[in-house]
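The data block below is work-v3.txt; it holds compact mmCIF, C-alpha atoms.
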```
# COMPACT_ATOMS: atom_id res chain seq x y z
CA MET A 12 40.38 9.41 10.18
CA ASN A 13 40.02 12.24 7.74
CA VAL A 14 36.42 12.98 8.59
CA LEU A 15 37.17 13.36 12.28
CA ASN A 16 39.77 16.01 11.49
CA PHE A 17 37.20 17.96 9.50
CA VAL A 18 34.68 17.64 12.29
CA ASN A 19 37.22 18.82 14.82
CA ALA A 20 38.21 21.78 12.64
CA PHE A 21 34.58 22.75 12.17
CA PHE A 22 33.72 22.78 15.84
CA SER A 23 36.91 24.47 17.01
CA ASP A 24 36.50 27.41 14.62
CA SER A 25 34.99 30.13 16.77
CA ALA A 26 33.45 31.78 13.70
CA HIS A 27 31.00 28.92 13.60
CA TRP A 28 29.62 29.68 17.02
CA HIS A 29 27.87 33.03 16.59
CA GLY A 30 25.93 35.16 14.16
CA TYR A 31 22.98 34.26 11.97
CA ASP A 32 24.90 31.32 10.52
CA GLY A 33 26.25 30.23 13.91
CA ILE A 34 25.64 26.77 15.33
CA PRO A 35 23.30 27.93 18.17
CA GLN A 36 21.13 29.89 15.75
CA ARG A 37 20.92 27.07 13.18
CA LEU A 38 20.27 24.50 15.87
CA LEU A 39 17.48 26.63 17.31
CA GLU A 40 15.92 27.01 13.85
CA HIS A 41 16.08 23.30 13.20
CA VAL A 42 14.50 22.45 16.55
CA GLN A 43 11.77 25.05 16.01
CA TYR A 44 10.81 23.76 12.56
CA SER A 45 10.85 20.18 13.77
CA LEU A 46 8.75 20.87 16.87
CA LEU A 47 6.23 22.90 14.89
CA ALA A 48 5.88 20.20 12.25
CA LEU A 49 5.61 17.45 14.86
CA ALA A 50 3.02 19.39 16.84
CA LEU A 51 0.90 19.99 13.74
CA ALA A 52 1.20 16.38 12.62
CA ALA A 53 0.33 15.09 16.10
CA ALA A 54 -2.63 17.47 16.31
CA ILE A 55 -4.00 15.85 13.15
CA GLY A 56 -2.83 12.26 13.53
CA LEU A 57 -3.44 11.53 17.21
CA PRO A 58 -7.16 12.39 17.52
CA VAL A 59 -8.07 10.67 14.26
CA GLY A 60 -5.96 7.64 15.13
CA LEU A 61 -7.42 7.37 18.64
CA LEU A 62 -10.97 7.70 17.36
CA THR A 63 -10.64 5.25 14.46
CA GLY A 64 -8.71 2.83 16.66
CA HIS A 65 -11.38 2.99 19.36
CA THR A 66 -14.25 2.38 16.97
CA GLY A 67 -12.20 0.01 14.80
CA ARG A 68 -13.52 1.63 11.66
CA GLY A 69 -11.69 3.01 8.65
CA GLY A 70 -8.86 0.49 8.70
CA ASN A 71 -8.85 0.07 4.93
CA ALA A 72 -8.78 3.81 4.32
CA LEU A 73 -5.88 4.17 6.75
CA ALA A 74 -3.96 1.31 5.11
CA PHE A 75 -4.43 3.07 1.79
CA ILE A 76 -3.18 6.37 3.24
CA ALA A 77 -0.15 4.62 4.69
CA THR A 78 0.77 3.00 1.37
CA ALA A 79 0.24 6.18 -0.58
CA ALA A 80 2.33 8.18 1.88
CA ARG A 81 5.12 5.63 1.76
CA ALA A 82 5.23 5.82 -2.02
CA LEU A 83 5.46 9.62 -2.11
CA PRO A 84 9.08 10.75 -2.39
CA SER A 85 9.65 13.25 0.43
CA PHE A 86 12.38 15.19 -1.30
CA GLY A 87 10.44 15.41 -4.54
CA LEU A 88 7.33 16.61 -2.74
CA LEU A 89 9.37 19.24 -0.93
CA VAL A 90 10.90 20.67 -4.10
CA LEU A 91 7.63 20.47 -6.02
CA ILE A 92 5.60 22.36 -3.41
CA VAL A 93 8.26 25.03 -3.09
CA ILE A 94 8.38 25.47 -6.87
CA VAL A 95 4.61 25.76 -7.00
CA MET A 96 4.07 27.93 -3.91
CA GLY A 97 7.29 29.90 -3.72
CA PHE A 98 9.76 30.23 -0.88
CA GLY A 99 8.71 30.52 2.74
CA LEU A 100 7.91 28.60 5.87
CA LEU A 101 4.47 27.37 4.82
CA PRO A 102 5.54 25.56 1.62
CA VAL A 103 8.12 23.66 3.65
CA MET A 104 5.78 22.92 6.55
CA ILE A 105 3.18 21.31 4.29
CA PRO A 106 5.35 18.38 3.10
CA LEU A 107 6.87 17.95 6.56
CA VAL A 108 3.41 17.59 8.10
CA VAL A 109 2.02 15.53 5.22
CA LEU A 110 4.88 13.06 5.64
CA ALA A 111 4.68 12.92 9.42
CA VAL A 112 0.93 12.38 9.78
CA PRO A 113 0.72 8.82 8.34
CA PRO A 114 3.17 7.15 10.75
CA ILE A 115 1.44 8.80 13.72
CA LEU A 116 -2.05 8.10 12.41
CA VAL A 117 -1.50 4.49 11.39
CA THR A 118 0.53 3.49 14.46
CA THR A 119 -1.99 5.10 16.81
CA TYR A 120 -4.86 3.34 15.06
CA GLU A 121 -3.02 0.02 15.21
CA ALA A 122 -2.01 0.56 18.85
CA VAL A 123 -5.52 1.31 20.10
CA ARG A 124 -7.14 -1.37 17.96
CA THR A 125 -4.86 -4.14 19.21
CA VAL A 126 -5.39 -3.38 22.91
CA ASP A 127 -6.41 -6.55 24.72
CA PRO A 128 -10.25 -6.51 24.55
CA SER A 129 -10.83 -8.03 28.01
CA PRO A 130 -9.90 -4.95 30.10
CA VAL A 131 -11.87 -2.81 27.65
CA ASP A 132 -14.92 -5.03 28.07
CA ALA A 133 -14.41 -5.01 31.84
CA ALA A 134 -14.31 -1.21 31.83
CA ARG A 135 -17.45 -1.09 29.73
CA GLY A 136 -19.15 -3.56 32.07
CA MET A 137 -18.28 -1.34 35.00
CA GLY A 138 -20.23 1.41 33.29
CA MET A 139 -17.34 3.59 32.20
CA HIS A 140 -18.17 6.18 29.59
CA GLU A 141 -16.66 5.55 26.13
CA SER A 142 -14.37 8.57 26.40
CA ARG A 143 -13.10 7.39 29.77
CA ILE A 144 -12.52 3.91 28.34
CA LEU A 145 -10.46 5.47 25.57
CA PHE A 146 -8.35 7.73 27.78
CA GLN A 147 -8.06 5.67 30.97
CA VAL A 148 -7.90 2.12 29.66
CA GLU A 149 -6.94 2.00 26.00
CA LEU A 150 -4.57 4.96 25.90
CA PRO A 151 -2.23 3.82 28.70
CA VAL A 152 -1.98 0.32 27.27
CA ALA A 153 -1.42 1.60 23.72
CA LEU A 154 1.04 4.28 24.79
CA PRO A 155 4.33 2.47 24.01
CA LEU A 156 3.26 1.87 20.43
CA ILE A 157 1.83 5.37 20.04
CA LEU A 158 5.14 6.80 21.25
CA SER A 159 7.01 4.69 18.72
CA GLY A 160 4.84 6.17 15.98
CA LEU A 161 5.56 9.69 17.22
CA ARG A 162 9.26 8.80 17.35
CA SER A 163 9.24 7.62 13.74
CA ALA A 164 7.53 10.83 12.70
CA ALA A 165 9.94 13.01 14.71
CA ILE A 166 13.04 11.38 13.27
CA GLN A 167 11.63 11.66 9.79
CA ILE A 168 10.87 15.33 10.32
CA VAL A 169 14.39 16.01 11.58
CA SER A 170 15.93 14.39 8.50
CA THR A 171 13.53 15.93 6.02
CA ALA A 172 14.01 19.38 7.58
CA THR A 173 17.71 18.90 6.80
CA ILE A 174 16.97 18.28 3.15
CA ALA A 175 14.70 21.32 3.18
CA ALA A 176 17.80 23.51 3.34
CA TYR A 177 18.04 22.81 -0.39
CA VAL A 178 14.86 24.82 -0.87
CA SER A 179 15.96 27.72 1.30
CA LEU A 180 14.88 26.63 4.77
CA GLY A 181 17.29 27.53 7.57
CA GLY A 182 18.41 24.98 10.11
CA LEU A 183 21.34 22.62 10.23
CA GLY A 184 20.90 21.46 6.66
CA ARG A 185 22.21 24.86 5.58
CA TYR A 186 25.74 23.81 6.51
CA ILE A 187 25.52 20.72 4.34
CA VAL A 188 23.93 22.37 1.31
CA ASP A 189 25.99 25.56 1.48
CA GLY A 190 29.14 23.63 2.20
CA LEU A 191 28.60 21.43 -0.85
CA TYR A 192 28.19 24.48 -3.08
CA GLN A 193 31.17 26.27 -1.54
CA ARG A 194 33.30 23.14 -1.75
CA ASP A 195 33.87 23.53 1.99
CA TYR A 196 33.92 19.93 3.10
CA GLU A 197 34.67 20.88 6.69
CA LYS A 198 31.34 22.68 6.87
CA VAL A 199 29.51 19.80 5.19
CA VAL A 200 30.79 17.21 7.64
CA GLY A 201 30.27 19.51 10.60
CA GLY A 202 26.64 19.98 9.57
CA ALA A 203 26.18 16.26 9.05
CA THR A 204 27.53 15.59 12.53
CA LEU A 205 25.14 18.09 14.08
CA VAL A 206 22.17 16.61 12.25
CA ALA A 207 23.09 13.08 13.23
CA VAL A 208 23.52 14.11 16.86
CA LEU A 209 20.16 15.89 16.81
CA ALA A 210 18.49 12.75 15.43
CA LEU A 211 20.10 10.62 18.14
CA VAL A 212 19.04 13.09 20.84
CA THR A 213 15.49 12.81 19.49
CA LEU A 214 15.74 9.04 19.77
CA ALA A 215 17.03 9.34 23.34
CA LEU A 216 14.29 11.80 24.32
CA PHE A 217 11.60 9.40 23.17
CA TRP A 218 13.28 6.59 25.06
CA VAL A 219 13.18 8.74 28.22
CA ALA A 220 9.58 9.74 27.51
CA GLY A 221 8.67 6.06 27.25
CA ARG A 222 10.37 5.34 30.58
CA VAL A 223 8.54 8.19 32.30
CA ALA A 224 5.11 8.06 30.72
CA VAL A 225 4.44 4.36 30.25
CA SER A 226 2.95 2.79 33.33
CA PRO A 227 5.17 0.10 34.91
CA GLY A 228 2.39 -2.45 34.60
CA VAL A 229 2.28 -2.05 30.85
CA ARG A 230 6.05 -1.94 30.46
CA ARG A 231 6.62 -5.24 32.21
CA ARG A 232 4.87 -7.27 29.55
CA MET B 30 1.82 20.02 -20.44
CA ASN B 31 4.33 20.25 -23.22
CA GLY B 32 7.86 19.21 -22.51
CA PHE B 33 6.76 16.83 -19.80
CA PHE B 34 9.05 14.13 -21.10
CA ASP B 35 11.71 16.47 -22.56
CA ILE B 36 14.60 15.56 -20.32
CA PRO B 37 17.26 18.30 -20.27
CA SER B 38 20.42 17.09 -21.96
CA ASP B 39 22.64 17.83 -18.96
CA LEU B 40 21.30 14.71 -17.29
CA GLN B 41 22.75 12.60 -20.13
CA HIS B 42 19.91 10.13 -19.92
CA SER B 43 16.61 9.54 -21.65
CA TYR B 44 13.45 9.21 -19.59
CA ALA B 45 13.67 5.44 -19.70
CA GLY B 46 17.37 5.65 -18.89
CA LEU B 47 16.63 7.67 -15.78
CA ILE B 48 14.05 5.11 -14.69
CA GLY B 49 16.56 2.30 -15.19
CA LEU B 50 19.21 4.20 -13.28
CA HIS B 51 16.77 4.97 -10.49
CA LEU B 52 15.72 1.34 -10.16
CA ARG B 53 19.33 0.19 -10.11
CA GLU B 54 20.33 2.73 -7.47
CA ALA B 55 17.32 1.77 -5.35
CA LEU B 56 17.09 -1.99 -5.74
CA LEU B 57 20.75 -3.07 -5.60
CA PRO B 58 21.03 -1.72 -2.02
CA VAL B 59 17.88 -3.57 -1.01
CA LEU B 60 19.39 -6.77 -2.41
CA ALA B 61 22.65 -6.11 -0.58
CA GLY B 62 20.69 -5.41 2.60
CA LEU B 63 18.81 -8.67 2.22
CA LEU B 64 22.00 -10.67 1.65
CA LEU B 65 23.53 -9.14 4.78
CA ALA B 66 20.37 -9.44 6.86
CA LEU B 67 19.79 -13.16 6.27
CA PRO B 68 22.97 -14.44 7.97
CA LEU B 69 22.84 -11.71 10.62
CA ALA B 70 19.23 -12.63 11.43
CA GLN B 71 20.19 -16.29 11.68
CA LEU B 72 22.91 -15.36 14.17
CA CYS B 73 20.39 -13.35 16.18
CA VAL B 74 17.94 -16.26 16.21
CA ARG B 75 20.64 -18.72 17.24
CA PHE B 76 22.19 -16.52 19.95
CA ARG B 77 19.30 -14.77 21.64
CA TRP B 78 21.46 -12.42 23.69
CA LEU B 79 22.82 -10.94 20.47
CA TYR B 80 19.47 -9.61 19.26
CA PRO B 81 18.79 -6.67 21.65
CA PRO B 82 22.21 -4.99 21.17
CA VAL B 83 22.09 -5.53 17.39
CA LEU B 84 18.57 -4.12 17.28
CA GLY B 85 19.68 -1.11 19.32
CA ALA B 86 22.64 -0.46 17.04
CA THR B 87 20.51 -0.69 13.90
CA THR B 88 17.86 1.63 15.37
CA ILE B 89 20.57 4.22 15.96
CA LEU B 90 21.92 3.81 12.42
CA TYR B 91 18.41 4.19 11.04
CA ALA B 92 17.99 7.51 12.83
CA VAL B 93 20.95 9.07 11.03
CA PRO B 94 19.49 11.30 8.30
CA SER B 95 20.27 10.19 4.77
CA LEU B 96 21.86 13.48 3.72
CA ALA B 97 24.28 13.37 6.66
CA PHE B 98 25.10 9.76 5.80
CA PHE B 99 25.72 10.63 2.16
CA VAL B 100 28.04 13.56 2.74
CA VAL B 101 30.19 11.78 5.30
CA LEU B 102 30.75 9.01 2.76
CA ILE B 103 31.84 11.49 0.10
CA ASP B 104 35.27 11.54 1.67
CA TYR B 105 35.66 7.81 1.03
CA THR B 106 33.69 7.04 -2.09
CA GLY B 107 33.44 10.45 -3.78
CA GLN B 108 30.31 11.92 -5.37
CA THR B 109 29.31 8.64 -6.95
CA GLU B 110 26.39 6.24 -7.09
CA LEU B 111 28.10 4.12 -4.49
CA THR B 112 27.81 6.97 -1.97
CA VAL B 113 24.05 6.89 -2.44
CA MET B 114 23.78 3.13 -2.40
CA ILE B 115 25.72 2.38 0.79
CA PRO B 116 23.35 4.26 3.15
CA LEU B 117 20.36 2.79 1.36
CA ALA B 118 21.78 -0.68 1.90
CA VAL B 119 22.21 0.09 5.60
CA TYR B 120 18.62 1.36 5.89
CA SER B 121 17.37 -1.77 4.11
CA LEU B 122 19.36 -3.96 6.46
CA VAL B 123 17.82 -2.17 9.44
CA VAL B 124 14.27 -2.67 8.16
CA LEU B 125 14.82 -6.28 7.09
CA LEU B 126 16.64 -7.58 10.15
CA PRO B 127 13.73 -7.45 12.64
CA ALA B 128 11.33 -8.62 9.93
CA ILE B 129 13.40 -11.74 9.26
CA VAL B 130 14.14 -12.45 12.92
CA ASP B 131 10.47 -12.16 13.87
CA GLY B 132 9.48 -14.24 10.86
CA VAL B 133 11.92 -17.05 11.57
CA ARG B 134 11.08 -17.00 15.27
CA SER B 135 7.36 -17.23 14.55
CA VAL B 136 7.77 -20.74 13.12
CA PRO B 137 5.94 -23.02 15.59
CA GLN B 138 8.00 -25.41 17.70
CA GLU B 139 5.93 -28.39 16.51
CA THR B 140 6.82 -27.64 12.91
CA LEU B 141 10.50 -27.54 13.77
CA ALA B 142 10.18 -30.74 15.75
CA ALA B 143 8.39 -32.41 12.84
CA ALA B 144 11.17 -31.36 10.47
CA THR B 145 13.80 -32.70 12.84
CA ALA B 146 11.86 -35.95 13.21
CA MET B 147 11.81 -36.29 9.44
CA GLY B 148 15.61 -36.26 9.53
CA PHE B 149 16.21 -32.66 8.40
CA GLY B 150 19.60 -31.29 9.40
CA PRO B 151 19.86 -27.72 10.67
CA VAL B 152 20.74 -26.25 7.25
CA ARG B 153 18.03 -28.09 5.35
CA ARG B 154 15.53 -27.29 8.08
CA TYR B 155 16.43 -23.60 7.78
CA VAL B 156 16.23 -23.46 3.99
CA GLN B 157 13.22 -25.70 3.44
CA VAL B 158 11.09 -25.07 6.52
CA GLN B 159 11.95 -21.92 8.45
CA LEU B 160 12.67 -19.62 5.52
CA PRO B 161 9.53 -20.45 3.48
CA ILE B 162 7.31 -20.02 6.53
CA ALA B 163 8.99 -16.69 7.23
CA VAL B 164 8.41 -15.49 3.64
CA PRO B 165 5.36 -13.31 4.40
CA ALA B 166 7.24 -11.46 7.15
CA ILE B 167 10.36 -11.10 5.01
CA ILE B 168 8.35 -9.74 2.08
CA ALA B 169 6.57 -7.30 4.37
CA GLY B 170 10.02 -6.01 5.34
CA LEU B 171 11.17 -5.98 1.72
CA ARG B 172 8.17 -3.89 0.73
CA VAL B 173 8.99 -1.20 3.27
CA ALA B 174 12.70 -1.28 2.38
CA THR B 175 12.10 -1.13 -1.37
CA VAL B 176 9.58 1.67 -1.31
CA SER B 177 11.68 3.81 1.02
CA SER B 178 14.80 3.12 -1.01
CA ILE B 179 13.10 4.26 -4.21
CA SER B 180 11.98 7.43 -2.50
CA LEU B 181 15.40 8.14 -0.97
CA VAL B 182 17.47 7.84 -4.15
CA SER B 183 16.21 11.30 -5.13
CA VAL B 184 18.12 12.88 -2.26
CA GLY B 185 21.29 11.82 -4.10
CA THR B 186 20.66 14.88 -6.28
CA LEU B 187 22.19 17.01 -3.55
CA ILE B 188 25.57 15.30 -3.73
CA GLY B 189 26.46 16.01 -7.34
CA ASN B 190 23.49 14.83 -9.36
CA GLN B 191 23.48 11.23 -8.22
CA GLY B 192 19.73 11.12 -7.73
CA ALA B 193 18.50 9.60 -11.03
CA LEU B 194 14.88 10.80 -11.28
CA GLY B 195 15.63 13.19 -8.43
CA ASN B 196 17.96 15.10 -10.74
CA LEU B 197 14.85 16.30 -12.54
CA LEU B 198 13.98 18.24 -9.39
CA ALA B 199 17.23 20.19 -9.57
CA ASP B 200 16.71 20.83 -13.28
CA ALA B 201 13.13 21.93 -12.67
CA GLN B 202 14.51 24.74 -10.52
CA LYS B 203 17.50 25.50 -12.74
CA TYR B 204 15.47 25.84 -15.93
CA ASP B 205 12.23 27.01 -14.31
CA ARG B 206 10.29 24.04 -15.64
CA PRO B 207 7.94 22.88 -12.86
CA GLU B 208 6.61 20.08 -15.06
CA LEU B 209 9.93 18.28 -14.60
CA ALA B 210 9.39 18.23 -10.82
CA VAL B 211 5.85 16.91 -11.33
CA ASN B 212 7.26 14.26 -13.64
CA SER B 213 9.87 13.27 -11.06
CA VAL B 214 7.41 12.97 -8.18
CA ILE B 215 4.80 11.05 -10.17
CA THR B 216 7.30 8.69 -11.80
CA THR B 217 8.99 7.94 -8.49
CA ALA B 218 5.67 7.28 -6.79
CA VAL B 219 4.49 5.04 -9.62
CA LEU B 220 7.78 3.09 -9.52
CA ALA B 221 7.36 2.62 -5.78
CA ILE B 222 3.78 1.42 -6.10
CA ALA B 223 4.69 -0.91 -8.97
CA CYS B 224 7.55 -2.51 -7.04
CA ASP B 225 5.30 -2.82 -4.01
CA ALA B 226 2.67 -4.60 -6.11
CA LEU B 227 5.29 -6.92 -7.62
CA LEU B 228 6.43 -7.92 -4.13
CA VAL B 229 2.85 -8.68 -3.14
CA LEU B 230 2.54 -10.90 -6.22
CA LEU B 231 5.83 -12.56 -5.30
CA ARG B 232 4.47 -13.36 -1.88
CA VAL B 233 1.31 -14.87 -3.34
CA ALA B 234 3.47 -16.97 -5.66
CA LEU B 235 5.83 -18.09 -2.90
CA THR B 236 3.17 -18.97 -0.36
CA PRO B 237 0.68 -21.16 -2.25
CA TRP B 238 -0.68 -22.50 1.03
CA MET B 239 -2.08 -19.10 1.94
CA PRO B 240 -5.46 -18.04 0.52
CA ASN B 241 -4.94 -15.82 -2.50
CA GLY B 242 -7.52 -13.27 -1.48
CA THR B 243 -5.07 -10.77 -0.08
CA ARG B 244 -7.78 -9.20 2.05
CA ARG B 245 -8.01 -10.05 5.74
CA ARG B 246 -4.74 -11.94 5.62
CA PRO B 247 -2.43 -9.18 6.86
CA LYS B 248 -4.00 -9.35 10.27
CA THR B 249 -2.52 -12.72 11.12
CA SER B 250 0.72 -13.44 9.36
CA VAL B 251 1.84 -10.56 7.19
CA ARG B 252 2.10 -8.18 10.08
CA GLN B 253 4.23 -5.17 9.37
CA PRO B 254 7.07 -5.00 11.86
CA LEU B 255 5.62 -2.20 13.91
CA PRO B 256 8.31 -0.36 15.89
CA ALA B 257 10.20 1.72 13.33
CA PRO B 258 9.36 0.87 9.76
CA GLN B 259 6.93 3.67 9.12
CA ASP B 260 9.65 6.29 8.99
CA VAL B 261 10.73 5.34 5.58
CA THR B 262 11.28 8.69 4.00
CA ARG B 263 13.83 10.98 5.41
```

Write-out of the structure in C-alpha cells:
Amino acid sequence: MNVLNFVNAFFSDSAHWHGYDGIPQRLLEHVQYSLLALALAAAIGLPVGLLTGHTGRGGNALAFIATAARALPSFGLLVLIVIVMGFGLLPVMIPLVVLAVPPILVTTYEAVRTVDPSPVDAARGMGMHESRILFQVELPVALPLILSGLRSAAIQIVSTATIAAYVSLGGLGRYIVDGLYQRDYEKVVGGATLVAVLALVTLALFWVAGRVAVSPGVRRR
Amino acid sequence: MNGFFDIPSDLQHSYAGLIGLHLREALLPVLAGLLLALPLAQLCVRFRWLYPPVLGATTILYAVPSLAFFVVLIDYTGQTELTVMIPLAVYSLVVLLPAIVDGVRSVPQETLAAATAMGFGPVRRYVQVQLPIAVPAIIAGLRVATVSSISLVSVGTLIGNQGALGNLLADAQKYDRPELAVNSVITTAVLAIACDALLVLLRVALTPWMPNGTRRRPKTSVRQPLPAPQDVTR
C-alpha cells in the first residue's frame, strides 16, 4: 500500500511535530475553528428550532431554508465571501456558520414537533408551564434527534474548515492544500489522514454524548 | 457586470460546456450510487442482521471529508475526473441506502401478502410492488444525494482543476475577477435547484396514486431519512 507508506513517513518525520506548522498547532487551530463555528451555529439554530418546534409554526419557512441551504455550494460560498470581504477569520466563519445552522435548525424543529403529543398533553394537564413542558418533557424525548442534527453540523464544519485552507485559514487543511502546491504527496496524505481521524473522533464523541445525555427510557424505544 | 459570462480560456470550456461537465461529474456518481445501493439495500432487507453493521460502516465513510477522500485517491486514479466521482458515488450510496431500505421496509405486510396470493414470485413482487411503493422514499434520498453531489463537485478544483464550475472560483482569485465566483455560486445553486425540481416532478409522474398537490404530502410518506442526510455539503 503506497498510501500507507506516505502516511507512515509523514507521521514519523519529527519536523512535522513542532513549530507553527506542526501537527499539534494545526490540530489545535482546526478544533478551535470548528468549536467556534459549531457554538455560533448552535446558539442560533437551537433556540429557534426549539421554539418553532414547540409552537409548530414556521414549518414552511424552515423547509424553504433547508432547501436553499442544501443548494448553496459550500466551497463556492467560502471562496466568494473571502474574495468579497478579504482574508481573515470572520469571512471564513460566516460560511461555516451559515452552512451549519440549517441542519441544526431543521432537525431540532422536526425533533420537537414529532414528540409524542400524549406526554405533552399530560404535562399541560398537570399545569406545567410552557417553558417547563419544553425543557422537561419535549427536550429529553427529542434529544437523540437533536444530537444527530448537531452531529451532522459538526462533521460538515470539520470538512468545510479543511477546504477553508484554500482561502488562507489555518488548520489541518493547510497540509493538504500546501502539499498539493508543493507536490509533496506525503504531506497531502498525512493531512488527509488527520482530517479523517478528526471527523471520526467527532462522530465518536457524539455517540458518547448520546449514550450519556439521552435518558435510558427514551433510548430503549 | 461585464464579463460575467467571459470564461477564461485556461478552463478550455465554454459556459455551457462547464455546465455539462459539472452535471456529468455530479450525476454519474449518483447513478452509480443508486445502482450499488439497490442490490445492497435488498440484501439488508432480506438479512436483517446485516443492516446495522452496514449502516455503521456507511456512516463512518460519510464522515470522511471530501477533500481527504479526493487526495488519497490521487495516488490510484491521478488528478482526474474519476478521482472526484468515486467519493461522490460513495456519498450517494450512503445517503441512498437507508432511504431505500426504509422505503422497501415500509411496504405493508398485507400488500406483500396480496402480491404473493396473486402468484407473484419474489423478483416480480420486488420489481412491481415493493419498488414502486418505495419510490417516494427513494426519490427523497436521490434529491439529497443529487443536490449535495452538485455542490461537492466544486471542491474538485483543489485537485488540479477538476471542479467544472468550481474552477471558476480558482480563476476568480487568479485573475481578480469576483464576478466569476458569483457566476459559479449562482450557476451551481440554480443547477441544484433545477435537478431537485426535476426529481420532484419525476416522483409525481411515478406515483400517480398520490395526490398531485405536493403540499402536506411529505408528512406521511416522503419523509426525509432523518439521521444524517442534512450534512450534504462538506

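Closest approach to chain A among B:Val119, B:Phe34, B:Leu90, B:Ile129: B:Leu90, based on all atoms listed in the file.
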
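Compared by their closest atoms to chain A, and using all atoms listed in the file, the residues B:Leu235, B:Val74, B:Leu126, B:Ala86 rank with B:Ala86 nearest.
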
All residues 7 Å or closer to range 150-155 of chain A, all atoms listed in the file, same chain fewer than 4 positions away omitted, as a ChimeraX atom specification: /A:122-123,126,145-146,159,221,225,229

9 Å contact set for Gln159 in chain B, all atoms listed in the file, chain neighbours under 6 positions out, as a VMD selection string: chain B and resid 132 to 136 140 to 141

One-decimal distance in Å that lies between CA of Ile55 in chain A and CA of Gly67 in chain A: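 Taking CA of Gly67 in chain A and CA of Ile55 in chain A, their separation equals 17.9 Å.
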
Set out as a tab-separated table a contact list for chain B and chain A with a cut-off of 9 Å, giving each residue of chain B that qualifies its closest atom pair and distance in Å to one decimal, counting only C-alpha atoms, ordered by chain and rising residue number.
```
residue	atom	partner	partner_atom	distance
B:Thr88	CA	A:Leu214	CA	8.9
B:Ile89	CA	A:Leu211	CA	6.8
B:Ala92	CA	A:Ala210	CA	5.9
B:Val93	CA	A:Ala207	CA	5.0
B:Pro94	CA	A:Ser170	CA	4.7
B:Ser95	CA	A:Ser170	CA	7.1
B:Leu96	CA	A:Ile174	CA	6.9
B:Ala97	CA	A:Ala203	CA	4.2
B:Phe98	CA	A:Ala203	CA	7.3
B:Phe99	CA	A:Ala203	CA	8.9
B:Val100	CA	A:Val200	CA	6.7
B:Val101	CA	A:Val200	CA	5.9
B:Asp104	CA	A:Val14	CA	7.2
B:Val173	CA	A:Arg81	CA	8.0
B:Val176	CA	A:Ala82	CA	6.1
B:Ser177	CA	A:Arg81	CA	6.8
B:Ile179	CA	A:Pro84	CA	7.8
B:Ser180	CA	A:Pro84	CA	4.4
B:Leu181	CA	A:Pro84	CA	7.0
B:Ser183	CA	A:Phe86	CA	6.7
B:Val184	CA	A:Phe86	CA	6.3
B:Leu187	CA	A:Val188	CA	7.4
B:Ile188	CA	A:Leu191	CA	7.4
B:Gly189	CA	A:Leu191	CA	8.7
B:Gly195	CA	A:Gly87	CA	6.9
B:Leu198	CA	A:Val90	CA	6.6
B:Ala199	CA	A:Val90	CA	8.4
B:Ala201	CA	A:Ile94	CA	8.3
B:Gln202	CA	A:Ile94	CA	7.2
B:Asp205	CA	A:Ile94	CA	8.5
B:Pro207	CA	A:Ile94	CA	6.5
B:Ala210	CA	A:Leu91	CA	5.6
B:Val211	CA	A:Leu91	CA	6.6
B:Ser213	CA	A:Gly87	CA	6.9
B:Val214	CA	A:Gly87	CA	5.3
B:Ile215	CA	A:Leu83	CA	8.2
B:Thr217	CA	A:Pro84	CA	6.7
B:Ala218	CA	A:Ala82	CA	5.0
B:Val219	CA	A:Ala82	CA	7.7
B:Leu220	CA	A:Ala82	CA	8.4
B:Ala221	CA	A:Ala82	CA	5.4
B:Ile222	CA	A:Ala82	CA	6.2
B:Asp225	CA	A:Ala82	CA	8.9
B:Leu255	CA	A:Thr118	CA	7.7
B:Pro256	CA	A:Ser159	CA	5.9
B:Ala257	CA	A:Ser163	CA	6.0
B:Pro258	CA	A:Ser163	CA	7.8
B:Gln259	CA	A:Pro114	CA	5.4
B:Asp260	CA	A:Ser163	CA	4.9
B:Val261	CA	A:Arg81	CA	6.8
B:Thr262	CA	A:Ser85	CA	6.0
B:Arg263	CA	A:Gln167	CA	4.9
```

Please, could you write that set of residues out with C-alpha atoms as a short mmCIF file (atom, residue, chain, number, x, y, z; two decimals), in the frame of the given file?
```
data_model
loop_
_atom_site.label_atom_id
_atom_site.label_comp_id
_atom_site.auth_asym_id
_atom_site.auth_seq_id
_atom_site.Cartn_x
_atom_site.Cartn_y
_atom_site.Cartn_z
CA THR B 88 17.86 1.63 15.37
CA ILE B 89 20.57 4.22 15.96
CA ALA B 92 17.99 7.51 12.83
CA VAL B 93 20.95 9.07 11.03
CA PRO B 94 19.49 11.30 8.30
CA SER B 95 20.27 10.19 4.77
CA LEU B 96 21.86 13.48 3.72
CA ALA B 97 24.28 13.37 6.66
CA PHE B 98 25.10 9.76 5.80
CA PHE B 99 25.72 10.63 2.16
CA VAL B 100 28.04 13.56 2.74
CA VAL B 101 30.19 11.78 5.30
CA ASP B 104 35.27 11.54 1.67
CA VAL B 173 8.99 -1.20 3.27
CA VAL B 176 9.58 1.67 -1.31
CA SER B 177 11.68 3.81 1.02
CA ILE B 179 13.10 4.26 -4.21
CA SER B 180 11.98 7.43 -2.50
CA LEU B 181 15.40 8.14 -0.97
CA SER B 183 16.21 11.30 -5.13
CA VAL B 184 18.12 12.88 -2.26
CA LEU B 187 22.19 17.01 -3.55
CA ILE B 188 25.57 15.30 -3.73
CA GLY B 189 26.46 16.01 -7.34
CA GLY B 195 15.63 13.19 -8.43
CA LEU B 198 13.98 18.24 -9.39
CA ALA B 199 17.23 20.19 -9.57
CA ALA B 201 13.13 21.93 -12.67
CA GLN B 202 14.51 24.74 -10.52
CA ASP B 205 12.23 27.01 -14.31
CA PRO B 207 7.94 22.88 -12.86
CA ALA B 210 9.39 18.23 -10.82
CA VAL B 211 5.85 16.91 -11.33
CA SER B 213 9.87 13.27 -11.06
CA VAL B 214 7.41 12.97 -8.18
CA ILE B 215 4.80 11.05 -10.17
CA THR B 217 8.99 7.94 -8.49
CA ALA B 218 5.67 7.28 -6.79
CA VAL B 219 4.49 5.04 -9.62
CA LEU B 220 7.78 3.09 -9.52
CA ALA B 221 7.36 2.62 -5.78
CA ILE B 222 3.78 1.42 -6.10
CA ASP B 225 5.30 -2.82 -4.01
CA LEU B 255 5.62 -2.20 13.91
CA PRO B 256 8.31 -0.36 15.89
CA ALA B 257 10.20 1.72 13.33
CA PRO B 258 9.36 0.87 9.76
CA GLN B 259 6.93 3.67 9.12
CA ASP B 260 9.65 6.29 8.99
CA VAL B 261 10.73 5.34 5.58
CA THR B 262 11.28 8.69 4.00
CA ARG B 263 13.83 10.98 5.41
#
```
